[in-house]
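Student: So here's model-v4.cif, just mmCIF, C-alpha atoms and all ligand atoms:
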```cif
data_data
loop_
_atom_site.label_atom_id
_atom_site.label_comp_id
_atom_site.auth_asym_id
_atom_site.auth_seq_id
_atom_site.Cartn_x
_atom_site.Cartn_y
_atom_site.Cartn_z
CA MET A 1 -24.89 52.62 -10.08
CA THR A 2 -21.68 52.19 -8.13
CA THR A 3 -19.55 49.20 -9.01
CA PRO A 4 -18.56 46.96 -6.10
CA ASP A 5 -15.02 45.65 -5.77
CA LEU A 6 -14.27 42.65 -7.92
CA PRO A 7 -14.51 39.26 -6.20
CA ALA A 8 -11.69 36.99 -5.16
CA VAL A 9 -10.86 33.87 -7.16
CA GLU A 10 -8.66 31.15 -5.69
CA GLY A 11 -5.22 31.29 -7.24
CA ALA A 12 -5.93 34.44 -9.24
CA GLN A 13 -6.34 38.17 -8.92
CA LEU A 14 -9.14 40.01 -10.75
CA ALA A 15 -8.86 43.62 -11.89
CA LEU A 16 -10.51 45.82 -14.46
CA ILE A 17 -8.31 46.09 -17.52
CA SER A 18 -7.55 49.69 -18.34
CA GLY A 19 -5.56 51.29 -21.10
CA SER A 20 -2.32 50.66 -19.21
CA ALA A 21 -2.77 46.88 -19.60
CA VAL A 22 -3.77 47.00 -23.25
CA GLU A 23 -0.50 45.42 -24.38
CA GLU A 24 -0.87 42.52 -21.94
CA LEU A 25 -4.42 42.02 -23.18
CA GLN A 26 -3.22 42.03 -26.78
CA VAL A 27 -0.68 39.31 -25.91
CA LEU A 28 -3.43 37.20 -24.31
CA LEU A 29 -5.69 37.64 -27.36
CA GLU A 30 -2.84 36.58 -29.64
CA ARG A 31 -2.12 33.53 -27.46
CA CYS A 32 -5.82 32.70 -27.86
CA GLU A 33 -5.81 33.13 -31.63
CA ASP A 34 -7.38 29.66 -31.97
CA PHE A 35 -10.62 31.13 -30.64
CA GLU A 36 -10.52 34.21 -32.86
CA ILE A 37 -9.84 32.07 -35.93
CA LEU A 38 -12.69 29.73 -34.95
CA VAL A 39 -15.13 32.63 -34.69
CA THR A 40 -13.94 35.06 -37.37
CA GLY A 41 -11.65 33.02 -39.62
CA HIS A 42 -8.72 35.38 -38.87
CA PRO A 43 -6.17 35.82 -36.08
CA PRO A 44 -6.66 38.95 -33.94
CA ASP A 45 -5.46 42.14 -35.62
CA LEU A 46 -3.04 44.62 -34.02
CA TYR A 47 -5.88 46.63 -32.49
CA ALA A 48 -7.92 43.73 -31.07
CA ALA A 49 -7.25 44.59 -27.43
CA GLN A 50 -7.95 48.28 -27.91
CA ALA A 51 -11.21 47.42 -29.66
CA LEU A 52 -12.20 45.04 -26.85
CA LEU A 53 -11.70 47.83 -24.32
CA THR A 54 -13.59 50.51 -26.21
CA ASP A 55 -16.20 48.86 -28.45
CA ALA A 56 -19.71 48.84 -27.04
CA PRO A 57 -23.14 48.44 -28.59
CA PRO A 58 -24.70 51.70 -29.82
CA ASP A 59 -26.14 53.76 -26.95
CA HIS A 60 -24.58 51.47 -24.34
CA PRO A 61 -22.45 53.61 -22.00
CA LEU A 62 -18.86 52.50 -21.45
CA ARG A 63 -19.42 52.81 -17.68
CA ASP A 64 -21.66 49.74 -18.05
CA LYS A 65 -19.01 47.71 -19.80
CA PHE A 66 -16.35 45.78 -17.89
CA VAL A 67 -13.28 44.08 -19.28
CA ILE A 68 -11.92 42.10 -16.38
CA GLY A 69 -8.45 40.61 -16.33
CA VAL A 70 -7.54 37.48 -14.39
CA TRP A 71 -3.92 37.43 -13.31
CA THR A 72 -2.25 34.26 -12.04
CA ASP A 73 1.41 33.55 -11.35
CA GLN A 74 1.60 33.11 -15.13
CA GLY A 75 0.58 36.75 -15.71
CA LEU A 76 -2.65 37.75 -17.44
CA THR A 77 -4.27 34.35 -17.93
CA ALA A 78 -7.92 35.05 -18.68
CA ALA A 79 -10.23 37.90 -19.61
CA VAL A 80 -13.95 38.48 -19.32
CA GLU A 81 -16.09 41.07 -21.07
CA LEU A 82 -19.41 41.91 -19.40
CA LEU A 83 -22.12 44.42 -20.25
CA ARG A 84 -24.32 45.56 -17.40
CA ASP A 85 -28.04 46.00 -18.10
CA PHE A 86 -27.78 44.86 -21.70
CA PRO A 87 -29.93 44.50 -23.68
CA GLU A 88 -32.30 45.49 -20.88
CA ARG A 89 -32.22 46.37 -17.21
CA HIS A 90 -31.35 43.45 -14.88
CA VAL A 91 -29.92 41.42 -17.77
CA TRP A 92 -26.15 41.15 -18.18
CA TYR A 93 -24.40 40.06 -21.34
CA LEU A 94 -21.15 38.13 -21.35
CA GLY A 95 -19.37 39.07 -24.55
CA LEU A 96 -16.24 37.03 -23.92
CA LEU A 97 -14.65 34.55 -21.55
CA LEU A 98 -11.20 33.62 -22.69
CA VAL A 99 -8.72 31.45 -20.81
CA ALA A 100 -5.13 31.11 -22.07
CA PRO A 101 -4.70 27.76 -23.87
CA GLU A 102 -2.29 26.21 -21.35
CA ALA A 103 -4.63 27.11 -18.45
CA ARG A 104 -7.80 25.61 -19.94
CA GLY A 105 -9.50 22.54 -18.53
CA GLN A 106 -8.26 23.20 -14.96
CA GLY A 107 -11.38 24.78 -13.52
CA LEU A 108 -10.34 28.41 -13.90
CA GLY A 109 -13.28 29.31 -16.15
CA GLU A 110 -15.71 27.73 -13.69
CA ARG A 111 -14.13 29.56 -10.73
CA ILE A 112 -14.28 32.89 -12.54
CA LEU A 113 -17.95 32.44 -13.36
CA ALA A 114 -18.78 31.29 -9.82
CA ALA A 115 -17.08 34.39 -8.38
CA LEU A 116 -18.73 36.81 -10.79
CA LYS A 117 -22.28 35.57 -10.23
CA PRO A 118 -22.73 37.15 -6.76
CA TRP A 119 -20.92 40.28 -8.00
CA ILE A 120 -23.52 40.62 -10.76
CA ILE A 121 -26.42 39.82 -8.43
CA ASN A 122 -25.11 42.58 -6.13
CA GLN A 123 -25.68 44.98 -9.01
CA GLU A 124 -29.27 43.80 -9.49
CA GLY A 125 -28.45 41.44 -12.33
CA ARG A 126 -31.09 38.73 -12.61
CA ALA A 127 -29.87 36.91 -15.70
CA LEU A 128 -26.65 36.43 -17.64
CA ARG A 129 -26.82 35.87 -21.39
CA LEU A 130 -24.29 34.96 -24.05
CA ILE A 131 -23.98 33.37 -27.46
CA VAL A 132 -21.90 30.41 -28.59
CA GLN A 133 -20.97 29.81 -32.21
CA ASP A 134 -22.09 26.42 -33.51
CA GLN A 135 -18.49 25.58 -34.44
CA ASN A 136 -17.51 25.78 -30.74
CA PRO A 137 -19.25 22.73 -29.20
CA ALA A 138 -16.72 22.50 -26.35
CA ALA A 139 -17.80 25.94 -25.14
CA LEU A 140 -21.46 24.95 -25.43
CA GLY A 141 -20.68 21.97 -23.18
CA PHE A 142 -18.90 24.25 -20.69
CA TRP A 143 -21.81 26.69 -20.45
CA THR A 144 -24.50 24.04 -20.16
CA ARG A 145 -22.52 22.39 -17.36
CA GLN A 146 -22.54 25.78 -15.62
CA GLY A 147 -26.35 25.77 -15.74
CA PHE A 148 -26.97 27.93 -18.80
CA VAL A 149 -30.03 26.97 -20.83
CA VAL A 150 -30.69 27.47 -24.53
CA ILE A 151 -33.09 30.33 -25.17
CA GLY A 152 -32.81 30.47 -28.94
CA THR A 153 -30.65 30.58 -32.01
CA ALA A 154 -29.49 33.48 -34.17
CA THR A 155 -27.09 34.45 -36.90
CA GLN A 156 -24.02 36.56 -36.16
CA ASP A 157 -22.97 38.75 -39.07
CA LEU A 158 -19.26 39.50 -39.08
CA MET A 159 -17.22 41.39 -41.68
CA ASP A 160 -16.77 38.51 -44.06
CA ARG A 161 -18.70 35.59 -42.63
CA THR A 162 -21.90 34.66 -40.90
CA ASN A 163 -21.98 32.35 -37.88
CA GLN A 164 -24.89 30.32 -36.64
CA VAL A 165 -25.07 30.77 -32.88
CA THR A 166 -26.95 29.43 -29.88
CA ARG A 167 -28.26 31.93 -27.35
CA LEU A 168 -27.92 30.88 -23.72
CA GLU A 169 -29.14 32.29 -20.43
CA LEU A 170 -28.40 31.66 -16.76
CA ARG A 171 -30.98 32.86 -14.24
CA LEU A 172 -29.21 34.40 -11.24
C1 LIG B 201 -14.48 27.73 -22.61
C2 LIG B 201 -13.47 28.20 -21.55
C3 LIG B 201 -13.73 29.65 -21.19
C4 LIG B 201 -13.68 27.35 -20.32
O1 LIG B 201 -12.71 27.71 -19.35
P1 LIG B 201 -11.81 26.57 -18.68
O2 LIG B 201 -11.02 27.17 -17.59
O3 LIG B 201 -11.08 25.82 -19.74
O4 LIG B 201 -12.99 25.67 -18.13
P2 LIG B 201 -12.99 24.68 -16.91
O5 LIG B 201 -11.63 24.10 -16.70
O6 LIG B 201 -13.65 25.34 -15.77
O7 LIG B 201 -13.94 23.60 -17.50
C5 LIG B 201 -13.41 22.76 -18.51
C6 LIG B 201 -14.45 22.48 -19.52
O8 LIG B 201 -14.50 23.52 -20.50
C7 LIG B 201 -14.65 22.94 -21.79
N1 LIG B 201 -13.79 23.55 -22.76
C8 LIG B 201 -14.24 24.32 -23.76
N2 LIG B 201 -13.24 24.70 -24.53
C9 LIG B 201 -12.12 24.14 -24.01
C10 LIG B 201 -10.77 24.14 -24.40
N3 LIG B 201 -10.37 24.78 -25.50
N4 LIG B 201 -9.87 23.45 -23.64
C11 LIG B 201 -10.26 22.78 -22.54
N5 LIG B 201 -11.56 22.75 -22.13
C12 LIG B 201 -12.47 23.41 -22.88
C13 LIG B 201 -14.33 21.48 -21.70
O9 LIG B 201 -15.50 20.81 -22.16
C14 LIG B 201 -14.06 21.21 -20.27
O10 LIG B 201 -14.89 20.21 -19.84
P3 LIG B 201 -14.23 18.83 -19.30
O11 LIG B 201 -13.59 19.22 -17.99
O12 LIG B 201 -15.41 17.96 -19.16
O13 LIG B 201 -13.25 18.41 -20.34
C15 LIG B 201 -12.00 28.03 -22.03
O14 LIG B 201 -11.77 26.69 -22.34
C16 LIG B 201 -11.65 28.89 -23.21
O15 LIG B 201 -11.19 30.02 -23.04
N6 LIG B 201 -11.87 28.38 -24.44
C17 LIG B 201 -11.57 29.13 -25.64
C18 LIG B 201 -12.44 30.36 -25.77
C19 LIG B 201 -13.90 30.05 -25.73
O16 LIG B 201 -14.38 29.15 -26.42
N7 LIG B 201 -14.62 30.83 -24.90
C20 LIG B 201 -16.06 30.72 -24.78
C21 LIG B 201 -16.71 31.60 -25.78
S1 LIG B 201 -18.47 31.37 -25.79
#
```
With the file now loaded, output its structure as structure tokens.

Tutor:
Amino acid sequence: MTTPDLPAVEGAQLALISGSAVEELQVLLERCEDFEILVTGHPPDLYAAQALLTDAPPDHPLRDKFVIGVWTDQGLTAAVELLRDFPERHVWYLGLLLVAPEARGQGLGERILAALKPWIINQEGRALRLIVQDQNPAALGFWTRQGFVVIGTATQDLMDRTNQVTRLELRL
């Protein structure tokens, strides 16, 4: 499937993050270490950005994985990780939406999601799924306000901890 151009977002420029922006992405991840610590218990390691660009579920082709950067006049301010047709055709999985701490609570996350919805629908996406860790109630509030509904719970096994998570879905 061909990938349409990324949408416009007011006050920001979206572009796929490639290897040449890996250092900028690493800086963003380190500025957002609060989130990484909340989820994993540790700050991001030195290879976090590289891993975000190249890690994909087994058998999921990298051409169906998008790491999208959101640049504002403050530089790289947010990042989104999306998997197309995962875990099944017509379902997309949002692995990450991360807004730099000083830019949170100003509607950027909502504008990014609103812009990406038609872009996903254009690629025959019918639903968007994600998980939220139970220790991140503010994110759960954000997603439910965006129309996501709870479709279940699960455990997330990480290297040295297990998170309880809520599974959410938005019909597109
Ligand atoms: C969750 C997140 C992506 C939302 O993006 P955003 O640009 O801050 O969201 P918006 O400004 O469009 O909406 C703000 C809402 O997000 C929620 N939110 C969640 N985490 C927040 C945070 N750390 N700071 C501010 N708002 C946060 C608030 O409830 C806020 O609602 P309010 O306006 O009623 O206070 C962003 O806050 C973020 O990156 N948080 C840390 C990483 C994270 O938790 N990502 C989601 C993983 S599932």

Student: Could the residues that lie within 7 Å of ligand LIG 201 (chain B), counting all atoms listed in the file, be listed as number ranges by chain?

Tutor: A: 35, 96-101, 103-111, 131-132, 136, 138-139, 141-142

Student: Grab the CA of Thr162 (chain A) to CA of Arg145 (chain A) distance for me, in Å with one decimal place.

Tutor: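 Taking CA of Thr162 (chain A) as the start and CA of Arg145 (chain A) as the end point, the length is 26.6 Å.
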
Student: For Leu14 (chain A), list every protein, DNA or RNA residue within 12 Å, evaluated using all atoms listed in the file, and leave out those in the same chain fewer than 5 positions away; present the list as a list in words.

Tutor: Asp5, Leu6, Pro7, Ala8, Val9, Phe66, Val67, Ile68, Gly69, Val70, Trp71, Thr72, Gly75, Leu76, Thr77, Ala78, Ala79, Val80, Arg111, Ile112, Leu113, Ala115 and Leu116 of chain A

Student: Quick one, how far is CA of Asp64 (chain A) from CA of Leu83 (chain A)?

Tutor: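 Here the two named atoms are 5.8 Å from each other.
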
Student: Quick one: everything within 6 Å of Leu82 (chain A), counting only C-alpha atoms, minus sequence neighbours fewer than 3 positions away in the same chain. Send it as a list in words.

Tutor: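 Final neighbour list, sorted by chain and number: Lys65, Phe66, Tyr93, Leu94 and Gly95 of chain A.
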
Student: Tell me, in Å to one decimal, how far CA of Thr3 (chain A) is from CA of Pro118 (chain A).

Tutor: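 Calculated distance between CA of Thr3 (chain A) and CA of Pro118 (chain A) is 12.7 Å.
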
Student: So which one's closest to Thr153 (chain A), A:Val91, A:Ala49, A:Leu172, A:Leu130? Using all atoms listed in the file, please.

Tutor: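 Closest residue, counting all atoms listed in the file: A:Leu130.
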
Student: Env of Arg167 (chain A): 10 Å cut, atoms = only C-alpha atoms, seq-sep filter 5 positions within chain, self excluded. Answer as number ranges by chain.

Tutor: A: 129-133, 140, 148-155

Student: Around (-3.7, 50.8, -21.1) in the file's own coordinates, what residues are found within 12 Å if you use only C-alpha atoms, given back as a list in words?

Tutor: Leu16, Ile17, Ser18, Gly19, Ser20, Ala21, Val22, Glu23, Glu24, Leu25, Gln26, Ala49, Gln50, Ala51, Leu52, Leu53, Thr54 and Val67 of chain A

Student: For Asp59 (chain A), please output as a list of chain:residue names all residues within 12 Å (counting all atoms listed in the file; exclusion window: fewer than 4 positions along the same chain).

Tutor: A:Asp55, A:Arg63, A:Asp64, A:Lys65, A:Asp85, A:Phe86, A:Pro87, A:Glu88

Student: Between A:Trp143, A:Tyr47, A:Trp119, A:Trp92, which is the closest to Thr2 (chain A) once you count all atoms listed in the file?

Tutor: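 The shortest atom-to-atom distance to Thr2 (chain A) comes from A:Trp119.
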
Student: Please give the centre and size of the box around region 139-143 of chain A (axis-aligned, containing every atom listed in the file, 8 Å added per side), with values in Å to one decimal and written as lines of an AutoDock Vina configuration file.

Tutor:
```
center_x = -19.8
center_y = 24.3
center_z = -22.9
size_x = 20.0
size_y = 20.7
size_z = 21.0
```

Student: Find the residue from A:Asp134, A:Gly125, A:Leu170, A:Gln164 that sits nearest to Met1 (chain A); use all atoms listed in the file when measuring.

Tutor: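 For Met1 (chain A), the nearest of the given residues is A:Gly125.
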
Student: Taking all atoms listed in the file into account, which of A:Leu46, A:Val165, A:Gly41, A:Leu128 comes nearest Leu29 (chain A)?

Tutor: A:Leu46

Student: Please return region 103-114 of chain A, rebuilt to all heavy atoms, as a JSON list (two decimals), in the coordinates of the input.

Tutor:
```
[["chain", "number", "residue", "atom", "x", "y", "z"],
["A", 103, "ALA", "N", -3.92, 27.10, -19.74],
["A", 103, "ALA", "CA", -4.63, 27.11, -18.45],
["A", 103, "ALA", "C", -6.05, 26.53, -18.57],
["A", 103, "ALA", "O", -6.77, 26.48, -17.58],
["A", 103, "ALA", "CB", -4.69, 28.55, -17.92],
["A", 104, "ARG", "N", -6.42, 26.11, -19.76],
["A", 104, "ARG", "CA", -7.80, 25.61, -19.94],
["A", 104, "ARG", "C", -7.96, 24.22, -19.33],
["A", 104, "ARG", "O", -6.99, 23.48, -19.18],
["A", 104, "ARG", "CB", -8.15, 25.56, -21.44],
["A", 104, "ARG", "CG", -8.28, 26.95, -22.03],
["A", 104, "ARG", "CD", -8.54, 26.90, -23.53],
["A", 104, "ARG", "NE", -8.28, 28.24, -24.09],
["A", 104, "ARG", "CZ", -8.14, 28.51, -25.37],
["A", 104, "ARG", "NH1", -8.26, 27.53, -26.26],
["A", 104, "ARG", "NH2", -7.91, 29.74, -25.78],
["A", 105, "GLY", "N", -9.19, 23.88, -19.01],
["A", 105, "GLY", "CA", -9.50, 22.54, -18.53],
["A", 105, "GLY", "C", -9.02, 22.28, -17.11],
["A", 105, "GLY", "O", -8.90, 21.14, -16.68],
["A", 106, "GLN", "N", -8.74, 23.36, -16.35],
["A", 106, "GLN", "CA", -8.26, 23.20, -14.96],
["A", 106, "GLN", "C", -9.19, 23.88, -13.97],
["A", 106, "GLN", "O", -8.81, 24.16, -12.84],
["A", 106, "GLN", "CB", -6.85, 23.78, -14.84],
["A", 106, "GLN", "CG", -5.84, 23.06, -15.72],
["A", 106, "GLN", "CD", -4.55, 23.86, -15.89],
["A", 106, "GLN", "OE1", -4.12, 24.56, -14.98],
["A", 106, "GLN", "NE2", -3.96, 23.77, -17.05],
["A", 107, "GLY", "N", -10.39, 24.22, -14.43],
["A", 107, "GLY", "CA", -11.38, 24.78, -13.52],
["A", 107, "GLY", "C", -11.33, 26.29, -13.37],
["A", 107, "GLY", "O", -12.13, 26.85, -12.62],
["A", 108, "LEU", "N", -10.43, 26.96, -14.08],
["A", 108, "LEU", "CA", -10.34, 28.41, -13.90],
["A", 108, "LEU", "C", -11.61, 29.10, -14.42],
["A", 108, "LEU", "O", -12.17, 29.98, -13.75],
["A", 108, "LEU", "CB", -9.09, 28.97, -14.60],
["A", 108, "LEU", "CG", -8.86, 30.47, -14.44],
["A", 108, "LEU", "CD1", -8.72, 30.86, -12.97],
["A", 108, "LEU", "CD2", -7.62, 30.92, -15.22],
["A", 109, "GLY", "N", -12.07, 28.70, -15.59],
["A", 109, "GLY", "CA", -13.28, 29.31, -16.15],
["A", 109, "GLY", "C", -14.45, 29.17, -15.20],
["A", 109, "GLY", "O", -15.21, 30.11, -14.96],
["A", 110, "GLU", "N", -14.61, 27.98, -14.63],
["A", 110, "GLU", "CA", -15.71, 27.73, -13.69],
["A", 110, "GLU", "C", -15.57, 28.61, -12.44],
["A", 110, "GLU", "O", -16.54, 29.17, -11.94],
["A", 110, "GLU", "CB", -15.71, 26.25, -13.31],
["A", 110, "GLU", "CG", -16.85, 25.88, -12.38],
["A", 110, "GLU", "CD", -17.00, 24.37, -12.29],
["A", 110, "GLU", "OE1", -17.08, 23.70, -13.34],
["A", 110, "GLU", "OE2", -17.03, 23.87, -11.16],
["A", 111, "ARG", "N", -14.35, 28.75, -11.94],
["A", 111, "ARG", "CA", -14.13, 29.56, -10.73],
["A", 111, "ARG", "C", -14.40, 31.04, -11.00],
["A", 111, "ARG", "O", -14.94, 31.75, -10.16],
["A", 111, "ARG", "CB", -12.70, 29.37, -10.18],
["A", 111, "ARG", "CG", -12.43, 27.96, -9.69],
["A", 111, "ARG", "CD", -11.27, 27.93, -8.68],
["A", 111, "ARG", "NE", -10.03, 28.47, -9.18],
["A", 111, "ARG", "CZ", -9.17, 27.83, -9.97],
["A", 111, "ARG", "NH1", -9.43, 26.61, -10.37],
["A", 111, "ARG", "NH2", -8.05, 28.41, -10.36],
["A", 112, "ILE", "N", -14.02, 31.49, -12.19],
["A", 112, "ILE", "CA", -14.28, 32.89, -12.54],
["A", 112, "ILE", "C", -15.79, 33.14, -12.58],
["A", 112, "ILE", "O", -16.30, 34.11, -12.01],
["A", 112, "ILE", "CB", -13.64, 33.23, -13.91],
["A", 112, "ILE", "CG1", -12.11, 33.16, -13.83],
["A", 112, "ILE", "CG2", -14.09, 34.60, -14.40],
["A", 112, "ILE", "CD1", -11.40, 33.19, -15.19],
["A", 113, "LEU", "N", -16.50, 32.25, -13.24],
["A", 113, "LEU", "CA", -17.95, 32.44, -13.36],
["A", 113, "LEU", "C", -18.61, 32.38, -11.97],
["A", 113, "LEU", "O", -19.46, 33.22, -11.65],
["A", 113, "LEU", "CB", -18.54, 31.36, -14.28],
["A", 113, "LEU", "CG", -20.04, 31.45, -14.47],
["A", 113, "LEU", "CD1", -20.41, 32.73, -15.23],
["A", 113, "LEU", "CD2", -20.58, 30.23, -15.21],
["A", 114, "ALA", "N", -18.19, 31.42, -11.16],
["A", 114, "ALA", "CA", -18.78, 31.29, -9.82],
["A", 114, "ALA", "C", -18.56, 32.56, -9.00],
["A", 114, "ALA", "O", -19.42, 33.00, -8.25],
["A", 114, "ALA", "CB", -18.18, 30.08, -9.11]]
```
